[in-house]
file run-v9.csv (CSV, N, CA and C atoms)
chain,number,residue,atom,x,y,z
J,943,MET,N,-75.6,-71.5,13.0
J,943,MET,CA,-76.6,-70.5,12.4
J,943,MET,C,-75.9,-69.7,11.3
J,944,SER,N,-76.6,-69.2,10.3
J,944,SER,CA,-76.1,-68.5,9.2
J,944,SER,C,-75.4,-67.2,9.6
J,945,ASP,N,-74.4,-66.8,8.8
J,945,ASP,CA,-73.7,-65.5,9.1
J,945,ASP,C,-74.6,-64.4,8.8
J,946,SER,N,-75.6,-64.6,7.9
J,946,SER,CA,-76.5,-63.5,7.6
J,946,SER,C,-77.7,-63.4,8.5
J,947,PHE,N,-77.9,-64.3,9.4
J,947,PHE,CA,-79.0,-64.2,10.3
J,947,PHE,C,-78.9,-63.0,11.2
J,948,VAL,N,-80.0,-62.3,11.4
J,948,VAL,CA,-80.1,-61.1,12.3
J,948,VAL,C,-81.3,-61.4,13.2
J,949,PRO,N,-81.0,-61.5,14.5
J,949,PRO,CA,-82.1,-61.6,15.4
J,949,PRO,C,-83.1,-60.5,15.4
J,950,PRO,N,-84.4,-60.7,15.6
J,950,PRO,CA,-85.4,-59.6,15.5
J,950,PRO,C,-85.0,-58.3,16.3
J,951,GLY,N,-84.4,-58.4,17.4
J,951,GLY,CA,-84.0,-57.3,18.2
J,951,GLY,C,-82.8,-56.5,17.6
J,952,GLN,N,-82.1,-57.0,16.6
J,952,GLN,CA,-81.0,-56.4,16.0
J,952,GLN,C,-81.3,-55.8,14.7
J,953,GLN,N,-82.5,-56.0,14.2
J,953,GLN,CA,-82.9,-55.5,12.8
J,953,GLN,C,-82.8,-54.0,12.7
J,954,ARG,N,-83.0,-53.3,13.7
J,954,ARG,CA,-83.0,-51.8,13.6
J,954,ARG,C,-81.5,-51.3,13.3
J,955,TYR,N,-80.5,-52.2,13.5
J,955,TYR,CA,-79.2,-51.8,13.2
J,955,TYR,C,-78.7,-52.2,11.8
J,956,LEU,N,-79.6,-52.7,11.0
J,956,LEU,CA,-79.3,-53.0,9.6
J,956,LEU,C,-79.0,-51.8,8.8
J,957,ARG,N,-78.0,-51.9,7.9
J,957,ARG,CA,-77.6,-50.8,7.0
J,957,ARG,C,-77.3,-51.4,5.7
J,958,ALA,N,-77.4,-50.7,4.6
J,958,ALA,CA,-77.1,-51.1,3.3
J,958,ALA,C,-76.0,-50.3,2.7
J,959,CYS,N,-75.0,-51.0,2.0
J,959,CYS,CA,-73.9,-50.3,1.4
J,959,CYS,C,-74.5,-49.5,0.2
J,960,MET,N,-74.1,-48.2,0.0
J,960,MET,CA,-74.6,-47.4,-1.0
J,960,MET,C,-74.0,-47.7,-2.4
J,961,VAL,N,-72.9,-48.5,-2.4
J,961,VAL,CA,-72.3,-48.9,-3.7
J,961,VAL,C,-72.9,-50.2,-4.2
J,962,CYS,N,-72.9,-51.3,-3.4
J,962,CYS,CA,-73.3,-52.6,-3.8
J,962,CYS,C,-74.7,-53.0,-3.3
J,963,SER,N,-75.2,-52.3,-2.3
J,963,SER,CA,-76.5,-52.5,-1.6
J,963,SER,C,-76.5,-53.8,-0.7
J,964,ILE,N,-75.4,-54.4,-0.3
J,964,ILE,CA,-75.5,-55.5,0.6
J,964,ILE,C,-76.0,-55.0,1.9
J,965,VAL,N,-76.8,-55.8,2.6
J,965,VAL,CA,-77.4,-55.4,3.9
J,965,VAL,C,-76.7,-56.2,5.0
J,966,MET,N,-76.2,-55.5,6.0
J,966,MET,CA,-75.6,-56.1,7.2
J,966,MET,C,-75.8,-55.2,8.4
J,967,THR,N,-75.5,-55.6,9.5
J,967,THR,CA,-75.6,-54.8,10.7
J,967,THR,C,-74.4,-53.8,10.8
J,968,PHE,N,-74.6,-52.7,11.5
J,968,PHE,CA,-73.5,-51.8,11.7
J,968,PHE,C,-72.3,-52.5,12.2
J,969,ALA,N,-72.5,-53.3,13.2
J,969,ALA,CA,-71.4,-54.0,13.9
J,969,ALA,C,-70.6,-54.9,12.9
J,970,ARG,N,-71.4,-55.6,12.0
J,970,ARG,CA,-70.7,-56.5,11.0
J,970,ARG,C,-69.9,-55.6,10.0
J,971,PHE,N,-70.5,-54.5,9.6
J,971,PHE,CA,-69.7,-53.6,8.7
J,971,PHE,C,-68.4,-53.2,9.4
J,972,LYS,N,-68.5,-52.9,10.7
J,972,LYS,CA,-67.4,-52.4,11.5
J,972,LYS,C,-66.3,-53.5,11.6
J,973,ASP,N,-66.8,-54.7,11.9
J,973,ASP,CA,-65.9,-55.9,12.1
J,973,ASP,C,-65.2,-56.4,10.8
J,974,GLU,N,-66.0,-56.5,9.7
J,974,GLU,CA,-65.6,-57.1,8.5
J,974,GLU,C,-65.4,-56.2,7.3
J,975,GLY,N,-66.1,-55.0,7.4
J,975,GLY,CA,-66.1,-54.1,6.2
J,975,GLY,C,-67.1,-54.7,5.2
J,976,CYS,N,-67.2,-54.0,4.1
J,976,CYS,CA,-68.1,-54.5,3.0
J,976,CYS,C,-67.4,-55.6,2.2
J,977,PRO,N,-68.0,-56.8,2.1
J,977,PRO,CA,-67.4,-57.8,1.4
J,977,PRO,C,-67.2,-57.6,-0.1
J,978,ASN,N,-67.9,-56.7,-0.7
J,978,ASN,CA,-67.8,-56.3,-2.1
J,978,ASN,C,-66.9,-55.1,-2.4
J,979,CYS,N,-67.0,-54.1,-1.5
J,979,CYS,CA,-66.4,-52.8,-1.7
J,979,CYS,C,-65.3,-52.4,-0.8
J,980,GLU,N,-64.8,-53.3,0.1
J,980,GLU,CA,-63.8,-52.9,1.1
J,980,GLU,C,-62.6,-52.3,0.5
J,981,GLU,N,-62.2,-52.8,-0.7
J,981,GLU,CA,-61.0,-52.4,-1.3
J,981,GLU,C,-60.9,-50.9,-1.5
J,982,PHE,N,-62.0,-50.2,-1.7
J,982,PHE,CA,-62.0,-48.8,-1.9
J,982,PHE,C,-62.8,-48.0,-0.9
J,983,LEU,N,-63.8,-48.6,-0.2
J,983,LEU,CA,-64.6,-47.9,0.8
J,983,LEU,C,-63.9,-47.9,2.2
J,984,HIS,N,-63.1,-48.9,2.5
J,984,HIS,CA,-62.4,-49.0,3.8
J,984,HIS,C,-63.4,-48.8,5.0
J,985,LEU,N,-64.4,-49.6,5.1
J,985,LEU,CA,-65.4,-49.5,6.2
J,985,LEU,C,-64.9,-50.1,7.4
J,986,GLN,N,-64.1,-51.2,7.3
J,986,GLN,CA,-63.7,-52.0,8.5
J,986,GLN,C,-63.1,-51.1,9.5
J,987,GLY,N,-63.7,-51.1,10.7
J,987,GLY,CA,-63.1,-50.3,11.9
J,987,GLY,C,-63.4,-48.8,11.9
J,988,SER,N,-64.1,-48.3,10.9
J,988,SER,CA,-64.3,-46.9,10.8
J,988,SER,C,-65.8,-46.5,10.9
J,989,SER,N,-66.2,-46.1,12.0
J,989,SER,CA,-67.6,-45.7,12.2
J,989,SER,C,-68.0,-44.5,11.3
J,990,ASP,N,-67.1,-43.6,11.1
J,990,ASP,CA,-67.4,-42.4,10.3
J,990,ASP,C,-67.7,-42.8,8.8
J,991,GLN,N,-66.8,-43.7,8.3
J,991,GLN,CA,-66.9,-44.2,7.0
J,991,GLN,C,-68.2,-45.0,6.8
J,992,ILE,N,-68.6,-45.8,7.8
J,992,ILE,CA,-69.8,-46.6,7.7
J,992,ILE,C,-71.0,-45.7,7.7
J,993,GLU,N,-71.0,-44.6,8.5
J,993,GLU,CA,-72.1,-43.7,8.5
J,993,GLU,C,-72.3,-43.0,7.2
J,994,SER,N,-71.1,-42.7,6.5
J,994,SER,CA,-71.3,-41.9,5.3
J,994,SER,C,-71.4,-42.8,4.0
J,995,CYS,N,-71.1,-44.0,4.1
J,995,CYS,CA,-71.1,-44.9,2.9
J,995,CYS,C,-72.2,-46.0,2.9
J,996,THR,N,-72.9,-46.1,4.0
J,996,THR,CA,-74.0,-47.0,4.2
J,996,THR,C,-75.3,-46.2,4.6
J,997,SER,N,-76.4,-46.8,4.5
J,997,SER,CA,-77.7,-46.1,4.8
J,997,SER,C,-78.6,-47.0,5.6
J,998,GLN,N,-79.3,-46.5,6.6
J,998,GLN,CA,-80.3,-47.2,7.3
J,998,GLN,C,-81.6,-47.2,6.5
J,999,VAL,N,-81.7,-46.4,5.5
J,999,VAL,CA,-83.0,-46.2,4.8
J,999,VAL,C,-82.8,-47.0,3.4
J,1000,PHE,N,-83.5,-48.1,3.4
J,1000,PHE,CA,-83.5,-48.9,2.2
J,1000,PHE,C,-84.8,-49.6,2.0
J,1001,GLU,N,-85.1,-50.1,0.8
J,1001,GLU,CA,-86.4,-50.8,0.5
J,1001,GLU,C,-86.1,-52.2,0.0
J,1002,GLY,N,-86.9,-53.1,0.3
J,1002,GLY,CA,-86.9,-54.5,-0.3
J,1002,GLY,C,-85.6,-55.2,0.0
J,1003,LEU,N,-85.7,-56.5,0.1
J,1003,LEU,CA,-84.6,-57.4,0.3
J,1003,LEU,C,-84.6,-58.5,-0.7
J,1004,ILE,N,-83.4,-58.8,-1.2
J,1004,ILE,CA,-83.1,-59.9,-2.2
J,1004,ILE,C,-82.1,-60.8,-1.5
J,1005,SER,N,-82.4,-62.1,-1.5
J,1005,SER,CA,-81.4,-63.1,-1.0
J,1005,SER,C,-80.8,-63.7,-2.3
J,1006,LEU,N,-79.5,-63.6,-2.4
J,1006,LEU,CA,-78.8,-64.1,-3.6
J,1006,LEU,C,-78.0,-65.3,-3.1
J,1007,ALA,N,-78.3,-66.5,-3.7
J,1007,ALA,CA,-77.6,-67.7,-3.4
J,1007,ALA,C,-76.5,-67.9,-4.5
J,1008,ASN,N,-76.9,-67.5,-5.8
J,1008,ASN,CA,-75.9,-67.7,-6.9
J,1008,ASN,C,-76.0,-66.5,-7.8
J,1009,PRO,N,-75.3,-65.4,-7.4
J,1009,PRO,CA,-75.4,-64.2,-8.1
J,1009,PRO,C,-75.0,-64.3,-9.6
J,1010,GLY,N,-74.1,-65.2,-10.0
J,1010,GLY,CA,-73.7,-65.3,-11.4
J,1010,GLY,C,-74.8,-65.8,-12.3
J,1011,LYS,N,-75.7,-66.6,-11.8
J,1011,LYS,CA,-76.7,-67.2,-12.6
J,1011,LYS,C,-78.1,-66.6,-12.4
J,1012,SER,N,-78.3,-65.7,-11.5
J,1012,SER,CA,-79.6,-65.1,-11.2
J,1012,SER,C,-80.0,-63.9,-12.1
J,1013,TRP,N,-81.1,-64.0,-12.7
J,1013,TRP,CA,-81.6,-62.9,-13.5
J,1013,TRP,C,-81.9,-61.7,-12.7
J,1014,VAL,N,-82.3,-61.9,-11.4
J,1014,VAL,CA,-82.6,-60.8,-10.5
J,1014,VAL,C,-81.2,-60.1,-10.2
J,1015,ALA,N,-80.2,-60.8,-10.0
J,1015,ALA,CA,-78.9,-60.2,-9.8
J,1015,ALA,C,-78.4,-59.4,-11.0
J,1016,LYS,N,-78.7,-59.8,-12.2
J,1016,LYS,CA,-78.3,-59.0,-13.4
J,1016,LYS,C,-79.2,-57.8,-13.4
J,1017,TRP,N,-80.5,-57.9,-13.1
J,1017,TRP,CA,-81.4,-56.8,-13.2
J,1017,TRP,C,-81.0,-55.7,-12.1
J,1018,GLN,N,-80.6,-56.2,-11.0
J,1018,GLN,CA,-80.2,-55.2,-9.9
J,1018,GLN,C,-78.7,-54.8,-10.0
J,1019,ARG,N,-78.0,-55.3,-11.0
J,1019,ARG,CA,-76.5,-55.0,-11.1
J,1019,ARG,C,-75.8,-55.6,-9.9
J,1020,LEU,N,-76.1,-56.8,-9.5
J,1020,LEU,CA,-75.5,-57.5,-8.4
J,1020,LEU,C,-74.6,-58.7,-8.9
J,1021,ASP,N,-74.7,-59.1,-10.1
J,1021,ASP,CA,-73.9,-60.2,-10.6
J,1021,ASP,C,-72.4,-59.8,-10.4
J,1022,GLY,N,-71.7,-60.8,-10.0
J,1022,GLY,CA,-70.3,-60.6,-9.7
J,1022,GLY,C,-70.0,-60.3,-8.2
J,1023,TYR,N,-71.1,-60.1,-7.4
J,1023,TYR,CA,-70.9,-59.9,-6.0
J,1023,TYR,C,-71.0,-61.2,-5.3
J,1024,ILE,N,-70.8,-61.2,-4.0
J,1024,ILE,CA,-70.9,-62.4,-3.2
J,1024,ILE,C,-72.3,-62.8,-2.9
J,1025,GLN,N,-72.5,-64.0,-2.4
J,1025,GLN,CA,-73.9,-64.4,-1.9
J,1025,GLN,C,-74.2,-63.5,-0.7
J,1026,GLY,N,-75.5,-63.3,-0.5
J,1026,GLY,CA,-75.9,-62.5,0.6
J,1026,GLY,C,-77.3,-61.9,0.5
J,1027,VAL,N,-77.6,-61.0,1.3
J,1027,VAL,CA,-78.9,-60.3,1.3
J,1027,VAL,C,-78.6,-58.8,0.9
J,1028,TYR,N,-79.4,-58.4,-0.2
J,1028,TYR,CA,-79.2,-57.1,-0.8
J,1028,TYR,C,-80.5,-56.3,-0.8
J,1029,ALA,N,-80.4,-55.0,-0.7
J,1029,ALA,CA,-81.5,-54.1,-0.8
J,1029,ALA,C,-81.8,-53.8,-2.2
J,1030,THR,N,-83.1,-53.7,-2.6
J,1030,THR,CA,-83.5,-53.3,-3.9
J,1030,THR,C,-83.2,-51.8,-4.2
J,1031,LYS,N,-83.4,-51.0,-3.2
J,1031,LYS,CA,-83.2,-49.6,-3.3
J,1031,LYS,C,-82.6,-49.0,-2.0
J,1032,VAL,N,-81.5,-48.2,-2.2
J,1032,VAL,CA,-80.8,-47.7,-1.0
J,1032,VAL,C,-80.9,-46.2,-1.1
J,1033,SER,N,-81.4,-45.5,-0.1
J,1033,SER,CA,-81.5,-44.0,-0.1
J,1033,SER,C,-80.2,-43.4,0.3
J,1034,GLY,N,-79.9,-42.3,-0.3
J,1034,GLY,CA,-78.7,-41.6,0.1
J,1034,GLY,C,-77.7,-41.5,-1.0
J,1035,GLN,N,-76.7,-40.7,-0.9
J,1035,GLN,CA,-75.6,-40.5,-1.9
J,1035,GLN,C,-74.3,-40.6,-1.2
J,1036,LEU,N,-73.3,-41.1,-1.9
J,1036,LEU,CA,-72.0,-41.2,-1.4
J,1036,LEU,C,-71.4,-39.8,-1.3
J,1037,PRO,N,-70.5,-39.5,-0.4
J,1037,PRO,CA,-69.8,-38.2,-0.3
J,1037,PRO,C,-69.0,-38.0,-1.6
J,1038,ASP,N,-68.9,-36.7,-1.9
J,1038,ASP,CA,-68.2,-36.4,-3.2
J,1038,ASP,C,-66.8,-36.9,-3.2
J,1039,ASP,N,-66.1,-36.9,-2.1
J,1039,ASP,CA,-64.7,-37.3,-2.1
J,1039,ASP,C,-64.6,-38.8,-2.4
J,1040,VAL,N,-65.5,-39.6,-1.9
J,1040,VAL,CA,-65.6,-41.1,-2.2
J,1040,VAL,C,-65.9,-41.3,-3.7
J,1041,ARG,N,-66.9,-40.6,-4.2
J,1041,ARG,CA,-67.3,-40.7,-5.6
J,1041,ARG,C,-66.1,-40.4,-6.5
J,1042,THR,N,-65.4,-39.3,-6.2
J,1042,THR,CA,-64.2,-38.9,-7.0
J,1042,THR,C,-63.2,-40.0,-7.0
J,1043,LEU,N,-62.9,-40.6,-5.8
J,1043,LEU,CA,-62.0,-41.7,-5.6
J,1043,LEU,C,-62.4,-42.9,-6.5
J,1044,LEU,N,-63.7,-43.3,-6.4
J,1044,LEU,CA,-64.2,-44.4,-7.2
J,1044,LEU,C,-63.9,-44.2,-8.7
J,1045,GLU,N,-64.3,-43.0,-9.2
J,1045,GLU,CA,-64.3,-42.7,-10.6
J,1045,GLU,C,-62.9,-42.5,-11.1
J,1046,GLU,N,-62.1,-41.8,-10.4
J,1046,GLU,CA,-60.8,-41.4,-10.9
J,1046,GLU,C,-59.7,-42.5,-10.7
J,1047,GLU,N,-59.6,-43.0,-9.4
J,1047,GLU,CA,-58.6,-43.9,-9.1
J,1047,GLU,C,-58.9,-45.4,-9.4
J,1048,TYR,N,-60.2,-45.8,-9.2
J,1048,TYR,CA,-60.6,-47.2,-9.4
J,1048,TYR,C,-61.3,-47.4,-10.7
J,1049,ARG,N,-61.6,-46.3,-11.5
J,1049,ARG,CA,-62.3,-46.4,-12.7
J,1049,ARG,C,-63.7,-47.1,-12.6
J,1050,ILE,N,-64.4,-46.8,-11.5
J,1050,ILE,CA,-65.7,-47.4,-11.3
J,1050,ILE,C,-66.8,-46.3,-11.4
J,1051,GLN,N,-67.7,-46.5,-12.4
J,1051,GLN,CA,-68.8,-45.5,-12.5
J,1051,GLN,C,-69.8,-45.7,-11.4
J,1052,TYR,N,-70.0,-44.8,-10.5
J,1052,TYR,CA,-70.9,-44.9,-9.5
J,1052,TYR,C,-72.3,-44.6,-10.0
J,1053,ILE,N,-73.2,-45.5,-9.8
J,1053,ILE,CA,-74.6,-45.3,-10.1
J,1053,ILE,C,-75.4,-45.5,-8.8
J,1054,PRO,N,-76.0,-44.4,-8.4
J,1054,PRO,CA,-76.8,-44.4,-7.1
J,1054,PRO,C,-77.8,-45.5,-7.1
J,1055,ARG,N,-78.0,-46.1,-6.0
J,1055,ARG,CA,-79.0,-47.2,-5.9
J,1055,ARG,C,-80.3,-46.7,-5.3
J,1056,ASP,N,-80.5,-45.4,-5.3
J,1056,ASP,CA,-81.8,-44.8,-4.8
J,1056,ASP,C,-82.8,-44.5,-5.9
J,1057,GLY,N,-82.5,-44.9,-7.1
J,1057,GLY,CA,-83.4,-44.7,-8.2
J,1057,GLY,C,-83.3,-43.3,-8.8
J,1058,SER,N,-82.4,-42.5,-8.4
J,1058,SER,CA,-82.3,-41.1,-8.9
J,1058,SER,C,-81.6,-41.1,-10.3
J,1059,ALA,N,-80.8,-42.1,-10.6
J,1059,ALA,CA,-80.1,-42.2,-11.9
J,1059,ALA,C,-80.3,-43.6,-12.5
J,1060,THR,N,-80.2,-43.6,-13.8
J,1060,THR,CA,-80.2,-44.9,-14.4
J,1060,THR,C,-78.9,-45.1,-15.2
J,1061,GLU,N,-78.7,-46.3,-15.7
J,1061,GLU,CA,-77.5,-46.6,-16.5
J,1061,GLU,C,-77.4,-45.8,-17.8
J,1062,ALA,N,-78.6,-45.4,-18.3
J,1062,ALA,CA,-78.7,-44.6,-19.6
J,1062,ALA,C,-78.3,-43.2,-19.4
J,1063,ASP,N,-78.3,-42.7,-18.1
J,1063,ASP,CA,-78.0,-41.2,-17.9
J,1063,ASP,C,-76.6,-40.9,-18.4
call {"tool": "encode", "arguments": {"input": "run-v9.csv", "output": "structure tokens"}}
result
Amino acid sequence: MSDSFVPPGQQRYLRACMVCSIVMTFARFKDEGCPNCEEFLHLQGSSDQIESCTSQVFEGLISLANPGKSWVAKWQRLDGYIQGVYATKVSGQLPDDVRTLLEEEYRIQYIPRDGSATEAD
């Protein structure tokens, strides 16, 4: 069975990463971390970090089989990420200390995926 398969009884435990918007269960974030953002979010094994950097409130799902060639991936700023299931919109904001780390240490401009900011801002 696919790694991305979530049985109906487990769907209430789905969460979306606030940085890349990949959707996985809480347990999978805890076991594996975020496959796109683990380098700087350090979600693996940290319930507190998962709670603050992922959200249970998200809209829409996109299944990406080939992110590098997908126009939807480009439109959602997902090109360059791994194959998987992504949310179109993720509610919530990263904590200030994580945002500062992203922007100052890793030189990554954080653009919220909740629709509150656009790339033109």
call {"tool": "closest_residue", "arguments": {"input": "run-v9.csv", "among": "J:Leu1020, J:Val1032, J:Val1014, J:Ile964", "to": "J:Phe1000", "atoms": "all atoms listed in the file"}}
result
J:Val1032
call {"tool": "select_by_dssp", "arguments": {"input": "run-v9.csv", "residues": "stretch 955-1042 of chain J", "states": "helix (DSSP H, G or I)", "output": "list in words"}}
result
Tyr955, Phe968, Ala969, Arg970, Phe971, Lys972, Asp973, Glu974, Glu980, Glu981, Phe982, Leu983, Ser989, Asp990, Gln991, Ile992, Glu993, Ser994, Cys995, Trp1013, Val1014, Ala1015, Lys1016, Trp1017, Asp1038, Asp1039, Val1040, Arg1041 and Thr1042 of chain J
call {"tool": "write_last_selection", "arguments": {"input": "run-v9.csv", "atoms": "N, CA and C atoms", "output": "PDB file, in the frame of the given file"}}
result
ATOM      1  N   TYR J 955     -80.500 -52.200  13.500  1.00  0.00           N
ATOM      2  CA  TYR J 955     -79.200 -51.800  13.200  1.00  0.00           C
ATOM      3  C   TYR J 955     -78.700 -52.200  11.800  1.00  0.00           C
ATOM      4  N   PHE J 968     -74.600 -52.700  11.500  1.00  0.00           N
ATOM      5  CA  PHE J 968     -73.500 -51.800  11.700  1.00  0.00           C
ATOM      6  C   PHE J 968     -72.300 -52.500  12.200  1.00  0.00           C
ATOM      7  N   ALA J 969     -72.500 -53.300  13.200  1.00  0.00           N
ATOM      8  CA  ALA J 969     -71.400 -54.000  13.900  1.00  0.00           C
ATOM      9  C   ALA J 969     -70.600 -54.900  12.900  1.00  0.00           C
ATOM     10  N   ARG J 970     -71.400 -55.600  12.000  1.00  0.00           N
ATOM     11  CA  ARG J 970     -70.700 -56.500  11.000  1.00  0.00           C
ATOM     12  C   ARG J 970     -69.900 -55.600  10.000  1.00  0.00           C
ATOM     13  N   PHE J 971     -70.500 -54.500   9.600  1.00  0.00           N
ATOM     14  CA  PHE J 971     -69.700 -53.600   8.700  1.00  0.00           C
ATOM     15  C   PHE J 971     -68.400 -53.200   9.400  1.00  0.00           C
ATOM     16  N   LYS J 972     -68.500 -52.900  10.700  1.00  0.00           N
ATOM     17  CA  LYS J 972     -67.400 -52.400  11.500  1.00  0.00           C
ATOM     18  C   LYS J 972     -66.300 -53.500  11.600  1.00  0.00           C
ATOM     19  N   ASP J 973     -66.800 -54.700  11.900  1.00  0.00           N
ATOM     20  CA  ASP J 973     -65.900 -55.900  12.100  1.00  0.00           C
ATOM     21  C   ASP J 973     -65.200 -56.400  10.800  1.00  0.00           C
ATOM     22  N   GLU J 974     -66.000 -56.500   9.700  1.00  0.00           N
ATOM     23  CA  GLU J 974     -65.600 -57.100   8.500  1.00  0.00           C
ATOM     24  C   GLU J 974     -65.400 -56.200   7.300  1.00  0.00           C
ATOM     25  N   GLU J 980     -64.800 -53.300   0.100  1.00  0.00           N
ATOM     26  CA  GLU J 980     -63.800 -52.900   1.100  1.00  0.00           C
ATOM     27  C   GLU J 980     -62.600 -52.300   0.500  1.00  0.00           C
ATOM     28  N   GLU J 981     -62.200 -52.800  -0.700  1.00  0.00           N
ATOM     29  CA  GLU J 981     -61.000 -52.400  -1.300  1.00  0.00           C
ATOM     30  C   GLU J 981     -60.900 -50.900  -1.500  1.00  0.00           C
ATOM     31  N   PHE J 982     -62.000 -50.200  -1.700  1.00  0.00           N
ATOM     32  CA  PHE J 982     -62.000 -48.800  -1.900  1.00  0.00           C
ATOM     33  C   PHE J 982     -62.800 -48.000  -0.900  1.00  0.00           C
ATOM     34  N   LEU J 983     -63.800 -48.600  -0.200  1.00  0.00           N
ATOM     35  CA  LEU J 983     -64.600 -47.900   0.800  1.00  0.00           C
ATOM     36  C   LEU J 983     -63.900 -47.900   2.200  1.00  0.00           C
ATOM     37  N   SER J 989     -66.200 -46.100  12.000  1.00  0.00           N
ATOM     38  CA  SER J 989     -67.600 -45.700  12.200  1.00  0.00           C
ATOM     39  C   SER J 989     -68.000 -44.500  11.300  1.00  0.00           C
ATOM     40  N   ASP J 990     -67.100 -43.600  11.100  1.00  0.00           N
ATOM     41  CA  ASP J 990     -67.400 -42.400  10.300  1.00  0.00           C
ATOM     42  C   ASP J 990     -67.700 -42.800   8.800  1.00  0.00           C
ATOM     43  N   GLN J 991     -66.800 -43.700   8.300  1.00  0.00           N
ATOM     44  CA  GLN J 991     -66.900 -44.200   7.000  1.00  0.00           C
ATOM     45  C   GLN J 991     -68.200 -45.000   6.800  1.00  0.00           C
ATOM     46  N   ILE J 992     -68.600 -45.800   7.800  1.00  0.00           N
ATOM     47  CA  ILE J 992     -69.800 -46.600   7.700  1.00  0.00           C
ATOM     48  C   ILE J 992     -71.000 -45.700   7.700  1.00  0.00           C
ATOM     49  N   GLU J 993     -71.000 -44.600   8.500  1.00  0.00           N
ATOM     50  CA  GLU J 993     -72.100 -43.700   8.500  1.00  0.00           C
ATOM     51  C   GLU J 993     -72.300 -43.000   7.200  1.00  0.00           C
ATOM     52  N   SER J 994     -71.100 -42.700   6.500  1.00  0.00           N
ATOM     53  CA  SER J 994     -71.300 -41.900   5.300  1.00  0.00           C
ATOM     54  C   SER J 994     -71.400 -42.800   4.000  1.00  0.00           C
ATOM     55  N   CYS J 995     -71.100 -44.000   4.100  1.00  0.00           N
ATOM     56  CA  CYS J 995     -71.100 -44.900   2.900  1.00  0.00           C
ATOM     57  C   CYS J 995     -72.200 -46.000   2.900  1.00  0.00           C
ATOM     58  N   TRP J1013     -81.100 -64.000 -12.700  1.00  0.00           N
ATOM     59  CA  TRP J1013     -81.600 -62.900 -13.500  1.00  0.00           C
ATOM     60  C   TRP J1013     -81.900 -61.700 -12.700  1.00  0.00           C
ATOM     61  N   VAL J1014     -82.300 -61.900 -11.400  1.00  0.00           N
ATOM     62  CA  VAL J1014     -82.600 -60.800 -10.500  1.00  0.00           C
ATOM     63  C   VAL J1014     -81.200 -60.100 -10.200  1.00  0.00           C
ATOM     64  N   ALA J1015     -80.200 -60.800 -10.000  1.00  0.00           N
ATOM     65  CA  ALA J1015     -78.900 -60.200  -9.800  1.00  0.00           C
ATOM     66  C   ALA J1015     -78.400 -59.400 -11.000  1.00  0.00           C
ATOM     67  N   LYS J1016     -78.700 -59.800 -12.200  1.00  0.00           N
ATOM     68  CA  LYS J1016     -78.300 -59.000 -13.400  1.00  0.00           C
ATOM     69  C   LYS J1016     -79.200 -57.800 -13.400  1.00  0.00           C
ATOM     70  N   TRP J1017     -80.500 -57.900 -13.100  1.00  0.00           N
ATOM     71  CA  TRP J1017     -81.400 -56.800 -13.200  1.00  0.00           C
ATOM     72  C   TRP J1017     -81.000 -55.700 -12.100  1.00  0.00           C
ATOM     73  N   ASP J1038     -68.900 -36.700  -1.900  1.00  0.00           N
ATOM     74  CA  ASP J1038     -68.200 -36.400  -3.200  1.00  0.00           C
ATOM     75  C   ASP J1038     -66.800 -36.900  -3.200  1.00  0.00           C
ATOM     76  N   ASP J1039     -66.100 -36.900  -2.100  1.00  0.00           N
ATOM     77  CA  ASP J1039     -64.700 -37.300  -2.100  1.00  0.00           C
ATOM     78  C   ASP J1039     -64.600 -38.800  -2.400  1.00  0.00           C
ATOM     79  N   VAL J1040     -65.500 -39.600  -1.900  1.00  0.00           N
ATOM     80  CA  VAL J1040     -65.600 -41.100  -2.200  1.00  0.00           C
ATOM     81  C   VAL J1040     -65.900 -41.300  -3.700  1.00  0.00           C
ATOM     82  N   ARG J1041     -66.900 -40.600  -4.200  1.00  0.00           N
ATOM     83  CA  ARG J1041     -67.300 -40.700  -5.600  1.00  0.00           C
ATOM     84  C   ARG J1041     -66.100 -40.400  -6.500  1.00  0.00           C
ATOM     85  N   THR J1042     -65.400 -39.300  -6.200  1.00  0.00           N
ATOM     86  CA  THR J1042     -64.200 -38.900  -7.000  1.00  0.00           C
ATOM     87  C   THR J1042     -63.200 -40.000  -7.000  1.00  0.00           C
TER      88      THR J1042
END
call {"tool": "residues_around", "arguments": {"input": "run-v9.csv", "residues": "stretch 1045-1058 of chain J", "least_positions_apart": "3", "cutoff": "6 Å", "atoms": "all atoms listed in the file", "output": "ChimeraX atom specification"}}
result
/J:960,1030-1034,1040-1042
call {"tool": "closest_atom_pairs", "arguments": {"input": "run-v9.csv", "of": "stretch 979-1062 of chain J", "to": "stretch 947-959 of chain J", "cutoff": "6 Å", "atoms": "all atoms listed in the file", "output": "tab-separated table"}}
result
residue	atom	partner	partner_atom	distance
J:Cys995	C	J:Cys959	CA	4.9
J:Thr996	CA	J:Ala958	C	4.1
J:Ser997	N	J:Ala958	C	4.0
J:Gln998	CA	J:Arg957	CA	4.5
call {"tool": "closest_residue", "arguments": {"input": "run-v9.csv", "among": "J:Cys976, J:Leu1044, J:Gly1010, J:Thr967", "to": "J:Tyr1023", "atoms": "all atoms listed in the file"}}
result
J:Gly1010
call {"tool": "atom_distance", "arguments": {"input": "run-v9.csv", "atom1": "atom C of J:Pro1037", "atom2": "atom CA of J:Asp990"}}
result
12.8 Å
call {"tool": "closest_residue", "arguments": {"input": "run-v9.csv", "among": "J:Ile1024, J:Leu1003, J:Ile992, J:Arg1019", "to": "J:Phe968", "atoms": "all atoms listed in the file"}}
result
J:Ile992
call {"tool": "atom_distance", "arguments": {"input": "run-v9.csv", "atom1": "atom CA of J:Glu974", "atom2": "atom N of J:Tyr1028"}}
result
16.4 Å
call {"tool": "atom_distance", "arguments": {"input": "run-v9.csv", "atom1": "atom C of J:Gln1018", "atom2": "atom C of J:Cys979"}}
result
16.4 Å
call {"tool": "select_by_dssp", "arguments": {"input": "run-v9.csv", "residues": "stretch 956-1050 of chain J", "states": "strand (DSSP E)", "output": "MDAnalysis selection string"}}
result
chainID J and resid 956:959 965:967 996:997 1000:1006 1026:1032
call {"tool": "residues_around", "arguments": {"input": "run-v9.csv", "residues": "J:Ala1007", "least_positions_apart": "5", "cutoff": "8 Å", "atoms": "all atoms listed in the file", "output": "NGL selection string"}}
result
:J and (1012 or 1024-1027)
